[in-house]
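Enquirer: This is the structure I want to talk about, given as structure tokens.
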Number of protein chains: 2
Amino acid sequence: MTGHFEVRQYDAAGRLGELTVPRAGVTVETPALLPVVNPHVQTVQPATMEAEFGAEILITNSYVLHGSDELREPAEERGLHDLLDFSGAIMTDSGSFQLAEYGDIDVTTEEILAFQHAIGSDIGTPVDIPTPPDVSRERAVEELDTTQDRLATAAGVDVGDMLVTAPIQGSTYPDLRESAAAHAAATGLDVFPIGAVVPLLNDYRYDEVVDVVAAAKRGLGENAPVHLFGAGHPMMFAMAVALGCDLFDSAAYALYARDDRYLTVRGTEHLDEMEHFPCSCPICVEHTPAEVRSLDGDGRQELLARHNLHVTFGEMRTIKQAIRDGDLLELVDARARGHPSMVDGLRALYDHAAQLEETDPVSKDAVFHVSAESARRPEVVRHHQRLDRFDLEGEILLTEGDARDAFDESWRLKPPFGPYPPALAETYPLTAATPTRLSREAYETAADGIARLVECNPDATFTLAHRNWPATALDRIPEGVDCECLPDQ
Amino acid sequence: MTGHFEVRQYDAAGRLGELTVPRAGVTVETPALLPVVNPHVQTVQPATMEAEFGAEILITNSYVLHGSDELREPAEERGLHDLLDFSGAIMTDSGSFQLAEYGDIDVTTEEILAFQHAIGSDIGTPVDIPTPPDVSRERAVEELDTTQDRLATAAGVDVGDMLVTAPIQGSTYPDLRESAAAHAAATGLDVFPIGAVVPLLNDYRYDEVVDVVAAAKRGLGENAPVHLFGAGHPMMFAMAVALGCDLFDSAAYALYARDDRYLTVRGTEHLDEMEHFPCSCPICVEHTPAEVRSLDGDGRQELLARHNLHVTFGEMRTIKQAIRDGDLLELVDARARGHPSMVDGLRALYDHAAQLEETDPVSKDAVFHVSAESARRPEVVRHHQRLDRFDLEGEILLTEGDARDAFDESWRLKPPFGPYPPALAETYPLTAATPTRLSREAYETAADGIARLVECNPDATFTLAHRNWPATALDRIPEGVDCECLPDQ
């Protein structure tokens, strides 16, 4: 099926989109969160998810239903929407997680897809092999072959207007992830989960998550809706969205609540360690940690699960509004300060700046330069790429001070972008707001911009008039450029 | 009066404390937010502030009441708590703001303090002169003299058990702010507002706000409760608390709402530009921006004011919990990514790292190293200070690899802290979590630690075995230290 996913607006590789789910007769706004609903135990009722939290889609496990003497028949007779009392879209997982956890399951892709169809699932999932991180390349390739066979099988099953996912595996080998994604895209299936990243997330290996997602995105291309499977902690939603993930599922809201753990966009707190709730959701406005601690297990768990859902859905809205405002990367930067491993993730994200640049809008509100890392933003990469559009001759001044008549042209300088002609001064992205106290990275990146301009214009000679740039930046200025330090302003 | 303010716990110079307000018979937990209540127009009722938002203290303007034909007598007859229907503590401003805005007011310090006492204020304020930024030093000194005369007057007035504030002025001259603060502390008055910072805040001059506050704190000493007067935007609360501010007042919640502006911890949004509310407060969970836009002026204003209060009180709880957890500086770092000028503020904050170190706890949970800026945290400053406690002789290896028998001692290395004896490996702050991809600042600061150790131990000779430290760090290693680059792990 094609045409069921439409992107409305980009920021970096993040996007606001719409996923049409024909069998449910609904359109889901993305990025979207799918709360995981356990068919047996519901800490928060699906109807509440819909009414109070605005959930448009949820996910439940068809393998659990399939194996349940109690629920299998009711699911087949009444259908999932009635069974769970949820009118939005319902996605179903296949048992692959159970396969990864317990080594064996007793259904085939054909069987589970037929069952998912029978119980009225709107988005079904084949039985892929979730290859964990760090396995041998041989094993990763072998299991990926099996996964790809099953995707081919799934593509051949008649499931009516149920959408079907094509999970992308390949362990921690980015090239396998990329080719797996290209294969998945070619199956004609509908939604693309990036699988088996949970062990990486559990170990705070965010930089590797970033590399895996970036690789999968290269293989999928722009127009595929991407689900980051098993990623339910709100701390990393913004980063994953900036890479181009559209769907997230959260079992964390309930699992964490069971252990008295409280989610925030900066990490996780334990209820026992809390004096104040760092949140303004309805639960946290109405209760103190001491009050919640005094409740019995079920009451405590429900309130924590509801808080966890509020912060999770709130972060999704924050991300959507950030894409709308064009400041998603500033949000990612702020969120990265929640944990040192998130900083590694941020640095890995900007290793892929050229990839993010491909979909970054040609104009947004002013860029905010808010960290050393942000010297490597896609807007800066694009500015450097475009320096080859100028054709300069004669004596060129690049200056942080005044233009000078003695030169054929006087260009201006703005770290981290580097040189630009004065006519562009008031245009995006050179309207960026920067700190007075710039990082060295900003000057060094500006120097790289100068180097590129010099390289593209061998017939011109250049003079750089800077205000006390650091030595590490001046070291990057090509030989032959005359450098002059201007007095302080 | 003394003994009415007690600090329970520090993090950097930020603290959890208790301000006892004897006239109100209450104790206010700090850091605290004082919503500004306009005696004439109340967007949110004081009783609602108390019941729904947990406000323990508010501030209103006694000068406005004094000049009101309508409210002056009721205030005197019924008292402020009855008039406003608020049972917590009530602080009153004196008209200084009106003096700054309109150039003239018609009350003296004696008159306004007597009036504040008469209407039942719990914390009164004399008429100081709020000298704006950037004035001549002469004018700043002259106006400060007047302010100090009035504080002397205020200290002599009998106001029973009403607390009285001693505002600190001095424009943008840190030395004047420091001496003004020392003078204010010596008056024996009770609460210490840092005045006239609003023009700096309005112009995003956060680095100068930091310098002004740090100077005032040096003059006041540790035990004075400090009010950052007029600072009502939640974006900078964490930074101001980390410097040692305890009280904040917010008129912003209502003033911004009047202009359809929506506060967040990352800045300000305009309702017209919003598709999604980036927040999980009760208002934002129950309404969409489109719904709020469709309301009439009063209804819109009330909902926005309530959201603004929720996010403001929520940020105070977030800050309190961060102090409790010992990760206030990580929160400040995240908040600094809201605007480039906040990054300048963060860098200015760490110019005062030695001052923050004075009250930073000897042990906390693990430090998270989350940015280039955080290489200058007080914990790192303290580690460097304490390197003079060791007395080393002979051949010392400082290594990121294994210890070696050929040396008299083998020390370890951890950027940004630098060298430490192996016995300290599992102790705070060396348990810090750091990114794999460290900033150059972290290596350079570690190199500075090595330089300090070398300087303190002239009888020892040192060998540095590092894993590919950047040249800018190696440049800081003193001559005479033998440097060796270890192979990658």
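Labels for the structure tokens follow display order: chains A, B, ..., residues from 1 in each chain, ligands from 1.
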Can you list, as a VMD selection string, all residues belonging to segment 203-353 of chain A that DSSP tags as strand (DSSP E or B)?

Expert: chain A and resid 226 to 228 247 to 250 261 to 264 267 to 270

Enquirer: What are the residues of chain B that have an atom within 6 Å of an atom of chain A, counting only C-alpha atoms, as an NGL selection string?

Expert: :B and (276 or 278-282 or 310 or 314 or 317-318 or 321 or 334 or 337 or 340-341 or 344 or 369-370 or 434-435 or 437)

Enquirer: What is the distance, in Å and to one decimal place, between atom CA of His81 of chain A and atom CA of Ile57 of chain A?

Expert: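 Value for the atom CA of His81 of chain A-atom CA of Ile57 of chain A distance: 11.1 Å.
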
Enquirer: At a cut-off of 7 Å, using only C-alpha atoms, what residues contact Ala460 of chain A? Leave out same-chain residues fewer than 4 positions from it and give the result as an NGL selection string.

Expert: :A and (392-396)

Enquirer: Any chance you can output those residues with N, CA and C atoms as a JSON list (two decimals), in the first residue's frame?

Expert:
[["chain", "number", "residue", "atom", "x", "y", "z"],
["A", 392, "LEU", "N", 34.19, 34.25, -7.14],
["A", 392, "LEU", "CA", 34.90, 35.44, -6.67],
["A", 392, "LEU", "C", 36.22, 35.61, -7.40],
["A", 393, "GLU", "N", 36.54, 36.88, -7.64],
["A", 393, "GLU", "CA", 37.82, 37.22, -8.24],
["A", 393, "GLU", "C", 38.39, 38.44, -7.55],
["A", 394, "GLY", "N", 39.69, 38.65, -7.69],
["A", 394, "GLY", "CA", 40.32, 39.86, -7.14],
["A", 394, "GLY", "C", 40.62, 39.71, -5.66],
["A", 395, "GLU", "N", 40.62, 40.86, -5.00],
["A", 395, "GLU", "CA", 41.00, 40.90, -3.58],
["A", 395, "GLU", "C", 39.73, 40.91, -2.73],
["A", 396, "ILE", "N", 39.58, 39.90, -1.91],
["A", 396, "ILE", "CA", 38.36, 39.76, -1.11],
["A", 396, "ILE", "C", 38.69, 39.92, 0.38]]

Enquirer: Distance atom CA of Ala180 of chain A-atom CA of Asp246 of chain A, one decimal place?

Expert: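 Taking atom CA of Ala180 of chain A as the start and atom CA of Asp246 of chain A as the end point, the length is 18.5 Å.
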
Enquirer: For Ala215 of chain B, please output as a list of chain:residue names all residues within 8 Å (counting only C-alpha atoms; exclusion window: fewer than 6 positions along the same chain).

Expert: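 With the cut-off at 8 Å, the set is B:Pro174, B:Asp175, B:Arg177, B:Glu178.
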
Enquirer: Just write the chosen residues, C-alpha atoms, as a PDB file, in the first residue's frame.

Expert:
ATOM      1  CA  PRO B 174      29.451  44.579  40.585  1.00  0.00           C
ATOM      2  CA  ASP B 175      31.656  46.248  43.203  1.00  0.00           C
ATOM      3  CA  ARG B 177      26.376  45.721  44.277  1.00  0.00           C
ATOM      4  CA  GLU B 178      28.765  43.899  46.594  1.00  0.00           C
TER       5      GLU B 178
END

Enquirer: What does the structure give for the distance between atom CA of Val64 of chain A and atom CA of Val21 of chain A, in Å to one decimal?

Expert: 23.0 Å

Enquirer: Could you find all residues in segment 125-339 of chain B that DSSP calls helix (DSSP H, G or I) from the backbone, and write them as a VMD selection string?

Expert: chain B and resid 137 to 156 174 to 186 198 to 202 206 to 220 234 to 243 252 to 258 271 to 273 282 to 286 289 to 293 297 to 325 328 to 336

Enquirer: Identify, on the basis of only C-alpha atoms, every residue whose closest approach to Ala185 of chain A does not exceed 9 Å; exclude the query and any residue fewer than 6 positions from it along the same chain; express the result as a PyMOL selection string.

Expert: chain A and resi 166+192+219-221+224

Enquirer: Store the residues of this selection in a file with C-alpha atoms, as a short mmCIF file (atom, residue, chain, number, x, y, z; two decimals), in the first residue's frame.

Expert:
data_model
loop_
_atom_site.label_atom_id
_atom_site.label_comp_id
_atom_site.auth_asym_id
_atom_site.auth_seq_id
_atom_site.Cartn_x
_atom_site.Cartn_y
_atom_site.Cartn_z
CA ALA A 166 8.18 -4.44 7.85
CA PHE A 192 8.75 0.41 9.20
CA GLY A 219 17.85 2.77 3.35
CA LEU A 220 14.17 3.70 3.67
CA GLY A 221 14.21 7.08 2.03
CA ALA A 224 8.36 5.83 4.87
#

Enquirer: Which residue, B:Met162, B:Glu142, B:Tyr63, B:Gly120, has the smallest gap to Thr20 of chain B when you use only C-alpha atoms?

Expert: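 Checking each of B:Met162, B:Glu142, B:Tyr63, B:Gly120 against Thr20 of chain B, counting only C-alpha atoms, the winner is B:Met162.
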
Enquirer: Name all residues at most 9 Å from Ser121 of chain B (count only C-alpha atoms; drop same-chain ones fewer than 3 positions away) and give them as a PyMOL selection string.

Expert: chain B and resi 23-24+62+79-81+89-92+115-118+124+162-163

Enquirer: Skipping near chain neighbours, those fewer than 6 positions away, what residues fall within 9 Å of segment 475-487 of chain A using only C-alpha atoms, listed as a ChimeraX atom specification?

Expert: /A:399-401,444,447-448,450-451,454-455,461-469
